>>> print(open('work.pdb').read())   # PDB, C-alpha atoms (C1' of nucleotides)
ATOM      1  CA  MET Q  11      45.598  92.790  44.524
ATOM      2  CA  LYS Q  12      46.762  91.219  41.279
ATOM      3  CA  ILE Q  13      49.273  93.232  39.225
ATOM      4  CA  ALA Q  14      50.412  92.097  35.758
ATOM      5  CA  THR Q  15      52.860  93.420  33.165
ATOM      6  CA  TRP Q  16      53.137  92.598  29.464
ATOM      7  CA  ASN Q  17      55.126  93.875  26.511
ATOM      8  CA  VAL Q  18      52.450  93.603  23.795
ATOM      9  CA  ASN Q  19      54.686  94.477  20.820
ATOM     10  CA  SER Q  20      51.952  96.642  19.226
ATOM     11  CA  ILE Q  21      48.522  97.034  20.844
ATOM     12  CA  ARG Q  22      46.954  96.993  17.367
ATOM     13  CA  ALA Q  23      48.456  93.595  16.555
ATOM     14  CA  ARG Q  24      47.563  92.309  20.050
ATOM     15  CA  HIS Q  25      44.135  93.941  20.495
ATOM     16  CA  ASP Q  26      42.095  90.738  20.680
ATOM     17  CA  ARG Q  27      44.677  88.886  22.763
ATOM     18  CA  ALA Q  28      44.888  91.787  25.210
ATOM     19  CA  LEU Q  29      41.129  91.775  25.774
ATOM     20  CA  ALA Q  30      40.891  87.984  26.004
ATOM     21  CA  TRP Q  31      43.671  87.950  28.606
ATOM     22  CA  LEU Q  32      41.910  90.595  30.716
ATOM     23  CA  ASP Q  33      38.658  88.623  30.641
ATOM     24  CA  LYS Q  34      40.436  85.430  31.649
ATOM     25  CA  HIS Q  35      42.733  86.750  34.406
ATOM     26  CA  ARG Q  36      40.918  89.890  35.640
ATOM     27  CA  PRO Q  37      43.994  91.582  37.182
ATOM     28  CA  ASP Q  38      43.432  94.705  39.265
ATOM     29  CA  VAL Q  39      46.272  96.403  37.399
ATOM     30  CA  ARG Q  40      47.867  95.615  34.062
ATOM     31  CA  CYS Q  41      50.959  97.448  32.827
ATOM     32  CA  LEU Q  42      51.598  97.427  29.072
ATOM     33  CA  GLN Q  43      54.681  98.290  27.023
ATOM     34  CA  GLU Q  44      55.502  98.773  23.328
ATOM     35  CA  LEU Q  45      52.069 100.026  22.354
ATOM     36  CA  LYS Q  46      53.427 101.502  19.090
ATOM     37  CA  VAL Q  47      50.458 103.885  18.827
ATOM     38  CA  ILE Q  48      49.689 107.485  19.697
ATOM     39  CA  ASP Q  49      47.243 108.110  22.550
ATOM     40  CA  ASP Q  50      44.307 108.668  20.197
ATOM     41  CA  VAL Q  51      44.661 105.207  18.651
ATOM     42  CA  PHE Q  52      44.845 103.285  21.936
ATOM     43  CA  PRO Q  53      41.586 101.281  22.344
ATOM     44  CA  VAL Q  54      40.348 103.143  25.428
ATOM     45  CA  GLU Q  55      36.690 102.281  24.756
ATOM     46  CA  ALA Q  56      37.308  98.557  24.322
ATOM     47  CA  MET Q  57      39.233  98.544  27.599
ATOM     48  CA  ALA Q  58      36.416 100.447  29.302
ATOM     49  CA  GLU Q  59      33.907  97.861  28.049
ATOM     50  CA  ALA Q  60      36.136  95.197  29.598
ATOM     51  CA  GLY Q  61      35.972  97.110  32.883
ATOM     52  CA  TYR Q  62      39.321  98.914  32.838
ATOM     53  CA  HIS Q  63      40.485 102.491  33.077
ATOM     54  CA  ALA Q  64      43.448 103.270  30.831
ATOM     55  CA  ALA Q  65      46.265 105.725  31.547
ATOM     56  CA  VAL Q  66      48.227 105.986  28.305
ATOM     57  CA  HIS Q  67      51.544 107.509  27.266
ATOM     58  CA  GLY Q  68      51.660 106.678  23.574
ATOM     59  CA  GLN Q  69      54.073 107.224  20.713
ATOM     60  CA  LYS Q  70      53.840 106.647  16.973
ATOM     61  CA  THR Q  71      55.602 103.505  15.658
ATOM     62  CA  TYR Q  72      57.861 102.894  18.660
ATOM     63  CA  ASN Q  73      57.610 102.578  22.441
ATOM     64  CA  GLY Q  74      54.456 103.679  24.262
ATOM     65  CA  VAL Q  75      53.351 102.499  27.724
ATOM     66  CA  ALA Q  76      50.060 102.233  29.599
ATOM     67  CA  ILE Q  77      48.504 101.248  32.900
ATOM     68  CA  LEU Q  78      45.091  99.566  32.942
ATOM     69  CA  SER Q  79      43.225  99.381  36.225
ATOM     70  CA  ARG Q  80      39.843  98.285  37.528
ATOM     71  CA  SER Q  81      39.676 101.257  39.871
ATOM     72  CA  GLU Q  82      40.283 104.809  38.772
ATOM     73  CA  PRO Q  83      43.964 105.837  38.677
ATOM     74  CA  ALA Q  84      45.083 109.016  40.452
ATOM     75  CA  ASP Q  85      48.158 111.181  40.004
ATOM     76  CA  VAL Q  86      49.011 109.953  36.484
ATOM     77  CA  GLN Q  87      52.488 111.080  35.417
ATOM     78  CA  ARG Q  88      54.072 110.557  32.012
ATOM     79  CA  GLY Q  89      57.789 110.376  31.327
ATOM     80  CA  LEU Q  90      60.860 110.696  33.529
ATOM     81  CA  ASP Q  91      60.137 114.352  34.262
ATOM     82  CA  ASP Q  92      63.760 115.491  34.209
ATOM     83  CA  ASP Q  93      65.733 118.084  32.256
ATOM     84  CA  VAL Q  94      66.582 115.703  29.399
ATOM     85  CA  ASP Q  95      64.857 116.480  26.089
ATOM     86  CA  ASP Q  96      63.603 112.968  25.345
ATOM     87  CA  PRO Q  97      60.713 112.254  22.949
ATOM     88  CA  GLN Q  98      60.584 108.517  23.707
ATOM     89  CA  ALA Q  99      57.473 107.409  25.657
ATOM     90  CA  ARG Q 100      58.878 104.821  28.051
ATOM     91  CA  LEU Q 101      57.406 105.507  31.492
ATOM     92  CA  ILE Q 102      53.985 106.117  32.993
ATOM     93  CA  ALA Q 103      53.100 106.145  36.682
ATOM     94  CA  ALA Q 104      49.768 106.169  38.508
ATOM     95  CA  GLU Q 105      48.439 105.680  42.013
ATOM     96  CA  ILE Q 106      45.905 102.876  42.256
ATOM     97  CA  GLU Q 107      44.258 101.974  45.551
ATOM     98  CA  GLY Q 108      47.105 103.639  47.427
ATOM     99  CA  VAL Q 109      49.821 101.827  45.461
ATOM    100  CA  HIS Q 110      52.186 103.740  43.161
ATOM    101  CA  VAL Q 111      52.439 101.646  39.993
ATOM    102  CA  LEU Q 112      55.014 102.313  37.253
ATOM    103  CA  SER Q 113      54.970 100.834  33.746
ATOM    104  CA  ALA Q 114      58.459 101.069  32.236
ATOM    105  CA  TYR Q 115      59.917 100.146  28.876
ATOM    106  CA  VAL Q 116      63.676 100.342  29.322
ATOM    107  CA  PRO Q 117      65.636 100.895  26.075
ATOM    108  CA  ASN Q 118      66.916  97.673  24.508
ATOM    109  CA  GLY Q 119      70.327  99.142  23.710
ATOM    110  CA  GLN Q 120      70.618  97.372  20.341
ATOM    111  CA  GLU Q 121      74.374  96.772  20.480
ATOM    112  CA  VAL Q 122      76.925  97.153  23.273
ATOM    113  CA  GLY Q 123      78.953 100.293  22.635
ATOM    114  CA  SER Q 124      76.362 101.960  20.370
ATOM    115  CA  ASP Q 125      74.582 105.264  20.959
ATOM    116  CA  LYS Q 126      71.467 103.294  21.904
ATOM    117  CA  TRP Q 127      73.515 101.369  24.498
ATOM    118  CA  ALA Q 128      74.665 104.625  26.095
ATOM    119  CA  TYR Q 129      71.028 105.806  26.098
ATOM    120  CA  LYS Q 130      69.988 102.579  27.851
ATOM    121  CA  LEU Q 131      72.544 102.962  30.639
ATOM    122  CA  ALA Q 132      71.686 106.645  31.041
ATOM    123  CA  TRP Q 133      67.965 105.807  31.111
ATOM    124  CA  PHE Q 134      68.520 103.489  34.086
ATOM    125  CA  GLU Q 135      70.332 106.313  35.897
ATOM    126  CA  ARG Q 136      67.450 108.680  35.139
ATOM    127  CA  LEU Q 137      64.939 106.082  36.373
ATOM    128  CA  GLY Q 138      66.870 105.774  39.631
ATOM    129  CA  ALA Q 139      66.864 109.551  40.055
ATOM    130  CA  TYR Q 140      63.110 109.645  39.304
ATOM    131  CA  LEU Q 141      62.372 107.043  41.984
ATOM    132  CA  ASP Q 142      64.525 108.869  44.509
ATOM    133  CA  ARG Q 143      62.908 112.209  43.693
ATOM    134  CA  ARG Q 144      59.297 111.031  43.820
ATOM    135  CA  PHE Q 145      59.208 108.215  46.366
ATOM    136  CA  SER Q 146      60.703 106.762  49.494
ATOM    137  CA  PRO Q 147      61.578 103.049  49.823
ATOM    138  CA  THR Q 148      59.023 102.979  52.642
ATOM    139  CA  ASP Q 149      56.214 103.962  50.209
ATOM    140  CA  ALA Q 150      54.064 101.377  48.425
ATOM    141  CA  VAL Q 151      55.728 101.351  44.978
ATOM    142  CA  VAL Q 152      55.594  98.638  42.295
ATOM    143  CA  LEU Q 153      57.860  99.024  39.253
ATOM    144  CA  CYS Q 154      56.683  96.834  36.378
ATOM    145  CA  GLY Q 155      57.844  96.435  32.851
ATOM    146  CA  ASP Q 156      60.166  95.270  30.143
ATOM    147  CA  LEU Q 157      63.434  96.256  31.812
ATOM    148  CA  ASN Q 158      65.478  94.624  29.033
ATOM    149  CA  VAL Q 159      67.940  93.016  31.475
ATOM    150  CA  ALA Q 160      68.191  89.429  32.693
ATOM    151  CA  PRO Q 161      69.460  89.957  36.269
ATOM    152  CA  ASP Q 162      71.704  86.877  36.373
ATOM    153  CA  ASP Q 163      72.477  83.683  34.510
ATOM    154  CA  THR Q 164      69.698  81.723  36.224
ATOM    155  CA  ASP Q 165      67.392  83.983  34.205
ATOM    156  CA  VAL Q 166      68.907  82.855  30.885
ATOM    157  CA  ALA Q 167      68.334  79.445  29.309
ATOM    158  CA  ASN Q 168      71.650  79.529  27.439
ATOM    159  CA  PRO Q 169      73.888  82.011  29.253
ATOM    160  CA  GLU Q 170      77.013  81.635  27.112
ATOM    161  CA  PRO Q 171      75.861  83.077  23.795
ATOM    162  CA  TRP Q 172      74.025  85.875  25.651
ATOM    163  CA  ALA Q 173      76.883  86.797  27.988
ATOM    164  CA  ASP Q 174      77.954  90.009  26.247
ATOM    165  CA  SER Q 175      74.561  90.897  24.791
ATOM    166  CA  VAL Q 176      72.686  94.083  25.689
ATOM    167  CA  LEU Q 177      70.355  91.977  27.880
ATOM    168  CA  CYS Q 178      73.114  90.360  29.974
ATOM    169  CA  HIS Q 179      76.198  92.600  29.790
ATOM    170  CA  PRO Q 180      77.655  93.326  33.252
ATOM    171  CA  ASP Q 181      77.125  97.072  32.749
ATOM    172  CA  ALA Q 182      73.404  96.504  32.074
ATOM    173  CA  ARG Q 183      73.106  94.217  35.088
ATOM    174  CA  ASP Q 184      74.917  96.793  37.246
ATOM    175  CA  ALA Q 185      72.592  99.535  36.009
ATOM    176  CA  LEU Q 186      69.499  97.502  36.955
ATOM    177  CA  GLU Q 187      71.067  96.515  40.269
ATOM    178  CA  ARG Q 188      71.656 100.164  41.183
ATOM    179  CA  VAL Q 189      67.972 100.920  40.627
ATOM    180  CA  ARG Q 190      66.966  97.848  42.644
ATOM    181  CA  ALA Q 191      69.382  98.763  45.451
ATOM    182  CA  TRP Q 192      67.495 102.029  46.016
ATOM    183  CA  GLY Q 193      64.951  99.860  47.817
ATOM    184  CA  LEU Q 194      63.209  97.369  45.543
ATOM    185  CA  VAL Q 195      62.668  93.613  45.818
ATOM    186  CA  ASP Q 196      62.496  91.368  42.748
ATOM    187  CA  VAL Q 197      59.056  89.975  43.560
ATOM    188  CA  PHE Q 198      59.201  87.196  40.966
ATOM    189  CA  ARG Q 199      62.611  86.074  42.267
ATOM    190  CA  LYS Q 200      61.248  86.014  45.811
ATOM    191  CA  HIS Q 201      58.801  83.279  44.806
ATOM    192  CA  HIS Q 202      61.050  81.463  42.293
ATOM    193  CA  PRO Q 203      64.612  81.671  43.661
ATOM    194  CA  ALA Q 204      65.915  78.815  41.511
ATOM    195  CA  GLY Q 205      65.368  80.669  38.224
ATOM    196  CA  GLY Q 206      64.850  78.815  34.957
ATOM    197  CA  ILE Q 207      61.629  80.705  34.152
ATOM    198  CA  TYR Q 208      61.643  83.180  31.272
ATOM    199  CA  SER Q 209      59.442  85.983  29.957
ATOM    200  CA  TRP Q 210      60.814  86.632  26.459
ATOM    201  CA  TRP Q 211      61.765  84.447  23.527
ATOM    202  CA  ASP Q 212      63.087  85.804  20.223
ATOM    203  CA  TYR Q 213      60.735  85.299  17.256
ATOM    204  CA  ARG Q 214      63.753  83.940  15.364
ATOM    205  CA  ARG Q 215      65.676  80.695  15.590
ATOM    206  CA  LEU Q 216      62.751  78.696  17.011
ATOM    207  CA  ALA Q 217      63.597  80.242  20.389
ATOM    208  CA  PHE Q 218      60.211  79.512  21.995
ATOM    209  CA  PRO Q 219      59.881  75.824  21.012
ATOM    210  CA  LYS Q 220      63.439  75.349  22.224
ATOM    211  CA  ASN Q 221      62.673  77.409  25.373
ATOM    212  CA  ASP Q 222      65.701  79.563  24.592
ATOM    213  CA  GLY Q 223      64.349  82.379  26.738
ATOM    214  CA  LEU Q 224      65.381  85.153  29.116
ATOM    215  CA  ARG Q 225      63.634  86.770  32.068
ATOM    216  CA  ILE Q 226      63.703  90.465  31.163
ATOM    217  CA  ASP Q 227      60.173  91.485  32.233
ATOM    218  CA  HIS Q 228      59.975  92.287  35.901
ATOM    219  CA  ILE Q 229      57.827  93.248  38.866
ATOM    220  CA  LEU Q 230      59.918  95.020  41.514
ATOM    221  CA  ALA Q 231      58.412  96.340  44.722
ATOM    222  CA  THR Q 232      59.426  98.333  47.762
ATOM    223  CA  GLU Q 233      59.657  96.370  51.002
ATOM    224  CA  PRO Q 234      56.152  97.221  52.253
ATOM    225  CA  MET Q 235      54.681  95.853  49.001
ATOM    226  CA  ALA Q 236      57.117  92.936  48.742
ATOM    227  CA  LYS Q 237      55.953  91.817  52.189
ATOM    228  CA  ARG Q 238      52.401  91.759  50.849
ATOM    229  CA  SER Q 239      53.305  89.579  47.838
ATOM    230  CA  THR Q 240      52.014  86.018  48.015
ATOM    231  CA  ASP Q 241      52.829  84.602  44.572
ATOM    232  CA  ALA Q 242      54.214  85.421  41.131
ATOM    233  CA  ALA Q 243      54.097  83.696  37.765
ATOM    234  CA  VAL Q 244      54.829  83.953  34.056
ATOM    235  CA  ASP Q 245      51.860  83.141  31.816
ATOM    236  CA  ARG Q 246      53.844  81.075  29.342
ATOM    237  CA  ASP Q 247      50.675  79.999  27.534
ATOM    238  CA  GLU Q 248      50.197  83.556  26.225
ATOM    239  CA  ARG Q 249      53.373  83.100  24.134
ATOM    240  CA  LYS Q 250      51.730  80.132  22.317
ATOM    241  CA  GLY Q 251      49.347  80.024  19.347
ATOM    242  CA  THR Q 252      48.926  82.400  16.422
ATOM    243  CA  LYS Q 253      50.335  85.916  16.490
ATOM    244  CA  PRO Q 254      51.708  86.031  20.030
ATOM    245  CA  SER Q 255      53.822  88.866  21.368
ATOM    246  CA  ASP Q 256      57.434  87.805  21.789
ATOM    247  CA  HIS Q 257      56.930  88.490  25.535
ATOM    248  CA  ALA Q 258      54.763  86.589  28.023
ATOM    249  CA  PRO Q 259      52.877  88.373  30.829
ATOM    250  CA  VAL Q 260      54.280  88.386  34.367
ATOM    251  CA  ILE Q 261      51.802  88.432  37.258
ATOM    252  CA  ALA Q 262      52.206  89.076  40.989
ATOM    253  CA  GLU Q 263      49.634  88.715  43.769
ATOM    254  CA  PHE Q 264      49.532  91.022  46.788
ATOM    255  CA  THR Q 265      47.357  90.859  49.881
TER     256      THR Q 265
ATOM    257  C1'  DA C  14      74.848  77.259   7.775
ATOM    258  C1'  DT C  15      77.349  84.731   9.592
ATOM    259  C1'  DG C  16      71.260  82.268   9.234
ATOM    260  C1'  DG C  17      66.138  83.068  11.336
ATOM    261  C1'  DT C  18      60.791  86.735  12.592
ATOM    262  C1'  DT C  19      57.621  90.296  13.513
ATOM    263  C1'  DG C  20      55.585  95.070  13.262
ATOM    264  C1'  DC C  21      55.360  99.511  11.347
ATOM    265  C1'  DT C  22      55.489 101.566   7.193
ATOM    266  C1'  DT C  23      56.137 100.681   2.618
ATOM    267  C1'  DA C  24      62.574  99.505   2.268
ATOM    268  C1'  DG C  25      64.441 100.082   6.187
ATOM    269  C1'  DC C  26      64.598 100.286  11.126
ATOM    270  C1'  DA C  27      63.968  98.316  15.716
ATOM    271  C1'  DA C  28      63.645  94.541  18.557
TER     272       DA C  28
END
>>> encode(input="work.pdb", output="structure tokens")
Amino acid sequence: MKIATWNVNSIRARHDRALAWLDKHRPDVRCLQELKVIDDVFPVEAMAEAGYHAAVHGQKTYNGVAILSRSEPADVQRGLDDDVDDPQARLIAAEIEGVHVLSAYVPNGQEVGSDKWAYKLAWFERLGAYLDRRFSPTDAVVLCGDLNVAPDDTDVANPEPWADSVLCHPDARDALERVRAWGLVDVFRKHHPAGGIYSWWDYRRLAFPKNDGLRIDHILATEPMAKRSTDAAVDRDERKGTKPSDHAPVIAEFT
DNA sequence: ATGGTTGCTTAGCAA
């Protein structure tokens, strides 16, 4: 079972790339983030023609997440389903072939100390509570998405200038670690323990040609699924060429 | 050198 995740940075701007990637890689499941469209605008028919079901939790202009799958998804759930009044579409979950797959777009946080930063840290807490409420670490669960945190400095090409950024701040790393410690394995890390492989490069400052990247897109899995994982990769080529997303897809293989 | 890019929506925000 091949599971991929990609922050598309607008499904309208990435429509053709998204379809070309599906045809080339044929994953069983593909999680998407930052759709930037309402449900009605998501290209459900084009995905169906490519052979994929689409479970969509859209939002106008910002955010929006989806799960594409070759087999029909069951038990689709949108949002964190807690008592917080939150209009931002950042989580969708579905069961696919017995595996609970989550597509998450964790808040960026904008600037350490800002309101958006507090929302980011709180969102991680709410995600942890959601996992604990809905699942057990012995279930087959795969959490995919743009988690907007580089877990440690091996995931950052140039750690020094990023040290106190929203992507690397110790409080952000602690927040991700608390979610992971519930019972998740960093599947990409399992196969690439040395680090030095990134999933996001800023559009500015020639970050991609200089490989000034960070690994902030992740595939985390509970132990039963982590045991089934055989390989993981970043498709760096997808960041090349005209009109790429600023994120590259991450892919994991499971038996 | 206090910069630079992209996308959505149309000048300002978010990333």
>>> closest_atom_pairs(input="work.pdb", of="chain Q", to="chain C", cutoff="7 Å", atoms="only C-alpha atoms (C1' of nucleotides)", output="CSV")
residue,atom,partner,partner_atom,distance
Q:Thr71,CA,C:DC21,C1',5.9
Q:Tyr213,CA,C:DT18,C1',4.9
Q:Arg214,CA,C:DG17,C1',4.8
Q:Arg215,CA,C:DG17,C1',4.9
>>> residues_around(input="work.pdb", residues="Q:Asp142", least_positions_apart="3", cutoff="12 Å", atoms="all atoms listed in the file", output="number ranges by chain")
Q: 90, 135-139, 145-149, 151, 188-194
>>> residues_around(input="work.pdb", residues="Q:Ser81", least_positions_apart="5", cutoff="12 Å", atoms="all atoms listed in the file", output="list in words")
Met11, Pro37, Asp38, Val39, Arg40, Ala58, Gly61, Tyr62, His63, Ala64, Ala65, Ala104, Glu105, Ile106, Glu107, Gly108 and Val109 of chain Q
>>> write_last_selection(input="work.pdb", atoms="C-alpha atoms", output="PDB file, keeping the file's coordinate frame")
ATOM      1  CA  MET Q  11      45.598  92.790  44.524  1.00  0.00           C
ATOM      2  CA  PRO Q  37      43.994  91.582  37.182  1.00  0.00           C
ATOM      3  CA  ASP Q  38      43.432  94.705  39.265  1.00  0.00           C
ATOM      4  CA  VAL Q  39      46.272  96.403  37.399  1.00  0.00           C
ATOM      5  CA  ARG Q  40      47.867  95.615  34.062  1.00  0.00           C
ATOM      6  CA  ALA Q  58      36.416 100.447  29.302  1.00  0.00           C
ATOM      7  CA  GLY Q  61      35.972  97.110  32.883  1.00  0.00           C
ATOM      8  CA  TYR Q  62      39.321  98.914  32.838  1.00  0.00           C
ATOM      9  CA  HIS Q  63      40.485 102.491  33.077  1.00  0.00           C
ATOM     10  CA  ALA Q  64      43.448 103.270  30.831  1.00  0.00           C
ATOM     11  CA  ALA Q  65      46.265 105.725  31.547  1.00  0.00           C
ATOM     12  CA  ALA Q 104      49.768 106.169  38.508  1.00  0.00           C
ATOM     13  CA  GLU Q 105      48.439 105.680  42.013  1.00  0.00           C
ATOM     14  CA  ILE Q 106      45.905 102.876  42.256  1.00  0.00           C
ATOM     15  CA  GLU Q 107      44.258 101.974  45.551  1.00  0.00           C
ATOM     16  CA  GLY Q 108      47.105 103.639  47.427  1.00  0.00           C
ATOM     17  CA  VAL Q 109      49.821 101.827  45.461  1.00  0.00           C
TER      18      VAL Q 109
END
>>> resolve_selection(input="work.pdb", expression="the PyMOL selection byres ((chain Q and resi 36) around 12)", output="list in words")
Met11, Lys12, Ile13, Ala14, Ala28, Leu29, Ala30, Trp31, Leu32, Asp33, Lys34, His35, Pro37, Asp38, Val39, Arg40, Met57, Ala60, Gly61, Tyr62, Leu78, Ser79, Arg80, Ile261 and Glu263 of chain Q
>>> atom_distance(input="work.pdb", atom1="atom CA of Q:Met235", atom2="atom CA of Q:Asp91")
24.3 Å
>>> atom_distance(input="work.pdb", atom1="atom CA of Q:Ala231", atom2="atom CA of Q:Glu187")
13.4 Å
>>> closest_residue(input="work.pdb", among="Q:Val116, Q:Arg144, Q:Glu233, Q:Arg249", to="Q:Asp92", atoms="only C-alpha atoms")
Q:Arg144
>>> atom_distance(input="work.pdb", atom1="atom CA of Q:Thr15", atom2="atom CA of Q:Cys41")
4.5 Å
>>> axis_aligned_box(input="work.pdb", around="stretch 82-87 of chain Q", padding_each_side="4 Å", output="lines of an AutoDock Vina configuration file")
center_x = 46.4
center_y = 108.0
center_z = 37.9
size_x = 20.2
size_y = 14.4
size_z = 13.0
>>> resolve_selection(input="work.pdb", expression="the PyMOL selection byres ((chain Q and resi 120) around 12)", output="PDB file with C-alpha atoms (C1' of nucleotides), in the frame of the given file")
ATOM      1  CA  VAL Q 116      63.676 100.342  29.322  1.00  0.00           C
ATOM      2  CA  PRO Q 117      65.636 100.895  26.075  1.00  0.00           C
ATOM      3  CA  ASN Q 118      66.916  97.673  24.508  1.00  0.00           C
ATOM      4  CA  GLY Q 119      70.327  99.142  23.710  1.00  0.00           C
ATOM      5  CA  GLU Q 121      74.374  96.772  20.480  1.00  0.00           C
ATOM      6  CA  VAL Q 122      76.925  97.153  23.273  1.00  0.00           C
ATOM      7  CA  GLY Q 123      78.953 100.293  22.635  1.00  0.00           C
ATOM      8  CA  SER Q 124      76.362 101.960  20.370  1.00  0.00           C
ATOM      9  CA  ASP Q 125      74.582 105.264  20.959  1.00  0.00           C
ATOM     10  CA  LYS Q 126      71.467 103.294  21.904  1.00  0.00           C
ATOM     11  CA  TRP Q 127      73.515 101.369  24.498  1.00  0.00           C
ATOM     12  CA  ALA Q 128      74.665 104.625  26.095  1.00  0.00           C
ATOM     13  CA  TYR Q 129      71.028 105.806  26.098  1.00  0.00           C
ATOM     14  CA  LYS Q 130      69.988 102.579  27.851  1.00  0.00           C
ATOM     15  CA  LEU Q 131      72.544 102.962  30.639  1.00  0.00           C
ATOM     16  CA  ASN Q 158      65.478  94.624  29.033  1.00  0.00           C
ATOM     17  CA  ASP Q 174      77.954  90.009  26.247  1.00  0.00           C
ATOM     18  CA  SER Q 175      74.561  90.897  24.791  1.00  0.00           C
ATOM     19  CA  VAL Q 176      72.686  94.083  25.689  1.00  0.00           C
ATOM     20  CA  LEU Q 177      70.355  91.977  27.880  1.00  0.00           C
ATOM     21  CA  HIS Q 179      76.198  92.600  29.790  1.00  0.00           C
TER      22      HIS Q 179
ATOM     23  C1'  DC C  26      64.598 100.286  11.126  1.00  0.00           C
ATOM     24  C1'  DA C  27      63.968  98.316  15.716  1.00  0.00           C
ATOM     25  C1'  DA C  28      63.645  94.541  18.557  1.00  0.00           C
TER      26       DA C  28
END
>>> closest_residue(input="work.pdb", among="Q:Ala204, Q:Val152, Q:Val244, Q:Ala217", to="Q:Thr232", atoms="only C-alpha atoms")
Q:Val152
>>> resolve_selection(input="work.pdb", expression="the PyMOL selection byres ((chain Q and resi 173) around 12)", output="list in words")
Val122, Val159, Ala160, Pro161, Asp162, Asp163, Asp165, Val166, Ala167, Asn168, Pro169, Glu170, Pro171, Trp172, Asp174, Ser175, Val176, Leu177, Cys178, His179, Pro180, Asp181, Ala182, Arg183 and Leu224 of chain Q
>>> residues_around(input="work.pdb", residues="Q:Cys154", least_positions_apart="3", cutoff="6 Å", atoms="all atoms listed in the file", output="list in words")
Leu112, Ser113, His228 and Ile229 of chain Q
>>> closest_residue(input="work.pdb", among="Q:Val75, Q:Leu45, Q:Val260, Q:Leu157", to="Q:His25", atoms="only C-alpha atoms")
Q:Leu45
>>> residues_around(input="work.pdb", residues="Q:Asp49", least_positions_apart="3", cutoff="9 Å", atoms="all atoms listed in the file", output="list of chain:residue names")
Q:Phe52, Q:Pro53, Q:Val54, Q:Val66, Q:His67, Q:Gly68, Q:Gln69, Q:Lys70, Q:Gly74
